[in-house]
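Following: one structure in C-alpha cells, then a few remarks.
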Amino acid sequence: MYILAIETSCDETAAAVVTDTAEVLSNVVASQIADHAAFGGVVPEIASRRHVELIGPVVSEALKQAGIDRRDLGGVAVTQGPGLVGALLVGISFAKALGYALNIPICGINHLEGHLCAASIDGTVRYPHIGLVVSGGHTSLYRIDAPDAVAQIGHTLDDAAGEAFDKVAKLLYLGYPGGVIIDRISQGIACDEIDLPRPKIHDNSYDFSFSGLKTAVLNLVIRSEIFPEMNLRFSGLPQHKEPVPGKEYLVQKIAAAFQAAVTDVLVVKAIKAVKDCAMDLLVVSGGVASNSSLRHALRERCAGEGIELVIPHRKYCTDNAAMIGIASIRHFREGTRASLDMNAVSRWSSLQKRPAGHS
C-alpha cells in the first residue's frame, strides 16, 4: 500500500510517499524561511497563503520522486494538529479532496506522534522507552510503553525550547531561524564566565520553563551595553544590527551560554525520566534535536549512564511528511478512517485521544 503523507502544521509545506512496510520512497519539504525572516518569526497568515501556493507542486514532486501515480495511492495521511489552524486547514483540505476524488481513505495524524515516530524511519525502535520532543512549538517528555500506549509526563510551562532560541537570537540581532544561527556561531566558544539560570533543572517534575532564561539573557544584554539603545521595553527587531565595536565577542559568548543552559536542562530532565521510569532507551526528536551541542551532550551523558540513545537523521528531526506517513501506518492497519468532517486541531496534547471526525 502506498500512502501519501502531508504536513502543513507550521511553515514547511511537506509531502512524502511511504509504504505500509515503513519504506520512505520520497520526502519533499518546501521551506518558508525566506518568507518569514524579515519578521523574525512565523507569520500565520503568510504561512497559510504560501501553503496554498506550494502544496500542489510539493505533492506532485513527492509522487514523481516515488515513481508512482496518484491512482496508485491506497491512502492519504495528513497532519490534523497541533499547529497553526490556517496552515493545517490547507493540508487537510487537500487531503480530503484527493481522498474523495480517488475514493481512498484519509487519516488525520497528531504532529507530535509523527515526531515520536521519526526515529523509526532509519530502523526499528524498541519499547518501552522515553521520548523527548523538542521543537519550536513543543518541548515534552513522554513515557512510551507501546505504539498505542503513550503518556505525556512533562511539558514546557511557557516557551518551547525552539521558540526561546528564536527569541534570544532576536534579542542579539542574529536573524531567523535563531536555532540554526546560534548553533553555528557557538561552535568552540568558551562561555563559562557567563552565568545564566537553568530553570527547574533540579526539581522533581519533568516540566520545563525557558521564559525566565530568555529574560535573563535580555537583562545581560542590557547590562553589557552591546546595543546601547536597548532597554527593558525592547521587543526585538528582526533585522541584523552590529554590536558596539569591541563587544562583538560578547554576542557569541551570550549565545553560547544560552545554548549551554538549554542543553543542560534538556539533558538532565530527559535522563531523570529514563532513570525514574527504570528504562534504558531515550528517543529524541523535533527540530531542536538537530542542534549540535544537544546531540553531543546527550551522547556523552547517555554513554556514561548506560542508556541507549536514538536521534533521527537531521532531515527527519525538523518538520517533514515522512514522519507523518510512518505514524499513519498503524492507524490505517487498525482501520482508523477520517470523514470529510475532520477539522484542524490547534491544541492536541494527548496522543491517545482522537478528535472528532474519525471512526
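Just so we're on the same page: first chain in the C-alpha cells is A, next is B, and so on; residues restart at 1 for each chain, and ligands are numbered from 1 in the order they show up.
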(message) Residues near Gly83 in chain A, anyone? I mean within 12 Å using only C-alpha atoms, not counting same-chain ones fewer than 6 positions away, as a PyMOL selection string.
(response) chain A and resi 7-12+42+44+47-48+89-91+109-112+136-138+319+344-349
(message) I want to know what sits within 8 Å of range 14-28 of chain A, based on only C-alpha atoms, with residues of the same chain fewer than 4 positions away left out; could you give that as a PyMOL selection string?
(response) chain A and resi 1-8+55+58-59+61-63+65-66+121+319-322+325-326+329
(message) From a backbone DSSP assignment, name each residue in range 59-189 of chain A labelled alpha helix (DSSP H), as a ChimeraX atom specification.
(response) /A:59-66,85-102,111-117,161-171,178-185
Write out the residues from the selection above, keeping N, CA and C atoms, as a short mmCIF file (atom, residue, chain, number, x, y, z; two decimals), in the first residue's frame.
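Once written, result-v2.cif looks like this:
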data_model
loop_
_atom_site.label_atom_id
_atom_site.label_comp_id
_atom_site.auth_asym_id
_atom_site.auth_seq_id
_atom_site.Cartn_x
_atom_site.Cartn_y
_atom_site.Cartn_z
N VAL A 59 3.30 18.06 -3.58
CA VAL A 59 2.71 16.72 -3.69
C VAL A 59 3.09 16.07 -5.01
N SER A 60 3.02 16.84 -6.09
CA SER A 60 3.38 16.30 -7.41
C SER A 60 4.84 15.83 -7.43
N GLU A 61 5.72 16.60 -6.80
CA GLU A 61 7.13 16.23 -6.75
C GLU A 61 7.35 14.98 -5.90
N ALA A 62 6.59 14.86 -4.82
CA ALA A 62 6.72 13.67 -3.97
C ALA A 62 6.29 12.41 -4.74
N LEU A 63 5.22 12.50 -5.50
CA LEU A 63 4.77 11.37 -6.30
C LEU A 63 5.78 11.04 -7.40
N LYS A 64 6.32 12.10 -8.01
CA LYS A 64 7.30 11.90 -9.07
C LYS A 64 8.54 11.20 -8.54
N GLN A 65 9.07 11.66 -7.39
CA GLN A 65 10.26 11.04 -6.82
C GLN A 65 10.01 9.60 -6.39
N ALA A 66 8.78 9.31 -5.98
CA ALA A 66 8.43 7.95 -5.57
C ALA A 66 8.20 7.03 -6.77
N VAL A 85 -3.89 26.83 12.85
CA VAL A 85 -5.13 26.33 12.26
C VAL A 85 -5.20 26.61 10.76
N GLY A 86 -4.87 27.83 10.36
CA GLY A 86 -4.93 28.16 8.93
C GLY A 86 -4.01 27.30 8.10
N ALA A 87 -2.81 27.06 8.61
CA ALA A 87 -1.85 26.22 7.90
C ALA A 87 -2.33 24.77 7.84
N LEU A 88 -2.82 24.26 8.96
CA LEU A 88 -3.33 22.88 9.00
C LEU A 88 -4.47 22.68 8.01
N LEU A 89 -5.35 23.66 7.92
CA LEU A 89 -6.52 23.52 7.06
C LEU A 89 -6.16 23.36 5.59
N VAL A 90 -5.05 23.96 5.18
CA VAL A 90 -4.61 23.81 3.78
C VAL A 90 -4.31 22.35 3.49
N GLY A 91 -3.51 21.73 4.35
CA GLY A 91 -3.18 20.32 4.15
C GLY A 91 -4.38 19.41 4.27
N ILE A 92 -5.22 19.68 5.26
CA ILE A 92 -6.41 18.85 5.47
C ILE A 92 -7.36 18.95 4.29
N SER A 93 -7.58 20.16 3.79
CA SER A 93 -8.49 20.34 2.65
C SER A 93 -7.97 19.61 1.41
N PHE A 94 -6.64 19.69 1.20
CA PHE A 94 -6.05 19.00 0.06
C PHE A 94 -6.22 17.49 0.21
N ALA A 95 -5.97 16.98 1.42
CA ALA A 95 -6.09 15.54 1.68
C ALA A 95 -7.53 15.07 1.47
N LYS A 96 -8.48 15.83 1.95
CA LYS A 96 -9.89 15.47 1.77
C LYS A 96 -10.26 15.41 0.29
N ALA A 97 -9.84 16.44 -0.44
CA ALA A 97 -10.19 16.50 -1.87
C ALA A 97 -9.58 15.32 -2.62
N LEU A 98 -8.33 15.02 -2.33
CA LEU A 98 -7.65 13.92 -3.01
C LEU A 98 -8.26 12.58 -2.63
N GLY A 99 -8.53 12.39 -1.35
CA GLY A 99 -9.15 11.14 -0.91
C GLY A 99 -10.52 10.93 -1.53
N TYR A 100 -11.29 12.00 -1.59
CA TYR A 100 -12.63 11.91 -2.18
C TYR A 100 -12.55 11.61 -3.67
N ALA A 101 -11.65 12.30 -4.37
CA ALA A 101 -11.53 12.11 -5.82
C ALA A 101 -11.06 10.71 -6.18
N LEU A 102 -10.16 10.15 -5.37
CA LEU A 102 -9.60 8.83 -5.66
C LEU A 102 -10.36 7.71 -4.95
N HIS A 111 0.72 15.65 15.01
CA HIS A 111 2.07 16.08 14.63
C HIS A 111 3.13 15.55 15.61
N LEU A 112 2.80 15.53 16.89
CA LEU A 112 3.75 15.07 17.90
C LEU A 112 3.99 13.56 17.79
N GLU A 113 2.95 12.81 17.44
CA GLU A 113 3.14 11.38 17.20
C GLU A 113 4.08 11.18 16.02
N GLY A 114 3.97 12.06 15.04
CA GLY A 114 4.88 11.99 13.90
C GLY A 114 6.33 12.16 14.34
N HIS A 115 6.59 13.16 15.19
CA HIS A 115 7.96 13.36 15.69
C HIS A 115 8.44 12.13 16.46
N LEU A 116 7.58 11.55 17.27
CA LEU A 116 7.99 10.38 18.05
C LEU A 116 8.26 9.17 17.16
N CYS A 117 7.61 9.12 16.01
CA CYS A 117 7.82 8.00 15.08
C CYS A 117 9.00 8.24 14.13
N ALA A 161 11.55 25.20 23.72
CA ALA A 161 12.99 25.45 23.57
C ALA A 161 13.30 26.14 22.25
N GLY A 162 12.71 25.66 21.15
CA GLY A 162 12.97 26.27 19.86
C GLY A 162 12.49 27.70 19.78
N GLU A 163 11.36 27.98 20.42
CA GLU A 163 10.84 29.34 20.47
C GLU A 163 11.81 30.25 21.23
N ALA A 164 12.37 29.73 22.33
CA ALA A 164 13.34 30.51 23.11
C ALA A 164 14.59 30.80 22.29
N PHE A 165 15.05 29.82 21.50
CA PHE A 165 16.20 30.05 20.63
C PHE A 165 15.92 31.21 19.68
N ASP A 166 14.75 31.21 19.05
CA ASP A 166 14.41 32.26 18.09
C ASP A 166 14.33 33.63 18.77
N LYS A 167 13.76 33.67 19.98
CA LYS A 167 13.60 34.95 20.66
C LYS A 167 14.94 35.50 21.14
N VAL A 168 15.82 34.62 21.61
CA VAL A 168 17.14 35.08 22.04
C VAL A 168 17.95 35.56 20.83
N ALA A 169 17.83 34.85 19.72
CA ALA A 169 18.52 35.30 18.50
C ALA A 169 18.02 36.68 18.09
N LYS A 170 16.75 36.93 18.32
CA LYS A 170 16.17 38.24 18.00
C LYS A 170 16.75 39.32 18.91
N LEU A 171 16.91 38.98 20.21
CA LEU A 171 17.50 39.93 21.15
C LEU A 171 18.93 40.28 20.78
N GLY A 178 16.57 31.35 14.52
CA GLY A 178 17.55 31.57 15.57
C GLY A 178 18.34 30.34 15.98
N GLY A 179 17.67 29.19 16.04
CA GLY A 179 18.35 27.99 16.49
C GLY A 179 19.54 27.62 15.63
N VAL A 180 19.36 27.69 14.35
CA VAL A 180 20.44 27.35 13.41
C VAL A 180 21.61 28.31 13.55
N ILE A 181 21.30 29.60 13.68
CA ILE A 181 22.35 30.61 13.77
C ILE A 181 23.12 30.49 15.08
N ILE A 182 22.40 30.34 16.19
CA ILE A 182 23.06 30.21 17.49
C ILE A 182 23.93 28.97 17.53
N ASP A 183 23.45 27.88 16.97
CA ASP A 183 24.23 26.64 16.91
C ASP A 183 25.54 26.88 16.16
N ARG A 184 25.46 27.61 15.06
CA ARG A 184 26.64 27.83 14.22
C ARG A 184 27.66 28.74 14.90
N ILE A 185 27.22 29.87 15.45
CA ILE A 185 28.18 30.83 15.99
C ILE A 185 28.70 30.42 17.37
#
(message) as a PyMOL selection string, please: the residues near Asp192 in chain A (cut-off 10 Å, only C-alpha atoms, same-chain neighbours under 4 positions excluded).
(response) chain A and resi 196+253+256-257+260
(request) Give the strand (DSSP E or B) residues of range 202-331 of chain A, as assigned by DSSP on the backbone, as a list in words. (result)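 Those residues are Phe208, Leu281, Leu282, Val283, Val284, Ser285, Glu308, Leu309 and Val310 of chain A.
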(message) I need the residue nearest Gln152 in chain A from this list: A:Val52, A:Leu309, A:Ala273, A:Val244. Use only C-alpha atoms for the distance.
(response)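 Checking each of A:Val52, A:Leu309, A:Ala273, A:Val244 against Gln152 in chain A, counting only C-alpha atoms, the winner is A:Ala273.
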(request) Mind giving me the straight-line distance from CA of Ile311 in chain A to CA of His36 in chain A in Å, one decimal? (result) 27.8 Å
(message) Under the rule that only C-alpha atoms are counted, which of A:Gly123, A:Gly40, A:Gly56, A:Pro199 is the nearest residue to Val268 in chain A?
(response) A:Pro199
(message) Counting only C-alpha atoms, which residue out of A:Ile46, A:Glu242, A:Ala270, A:Ala255 sits closest to Ile153 in chain A?
(response)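 For Ile153 in chain A, the nearest of the candidates is A:Ala270.
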(message) One number please: CA of Ala149 in chain A to CA of Tyr127 in chain A, in Å, one decimal.
(response)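 So the answer is 10.1 Å.
Atom to atom, CA of Arg301 in chain A and CA of Val284 in chain A stand 13.5 Å apart.
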(request) Counting only C-alpha atoms, figure out which residue out of A:Tyr173, A:Gly67, A:Glu308, A:Asp195 gets nearest to Phe39 in chain A. (result)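 Among A:Tyr173, A:Gly67, A:Glu308, A:Asp195, it is A:Tyr173 that comes nearest to Phe39 in chain A.
Restricting the calculation to only C-alpha atoms, the smallest distance between Pro147 in chain A and any of A:Asp159, A:Gly131, A:Leu250, A:Ala261 is found for A:Gly131.
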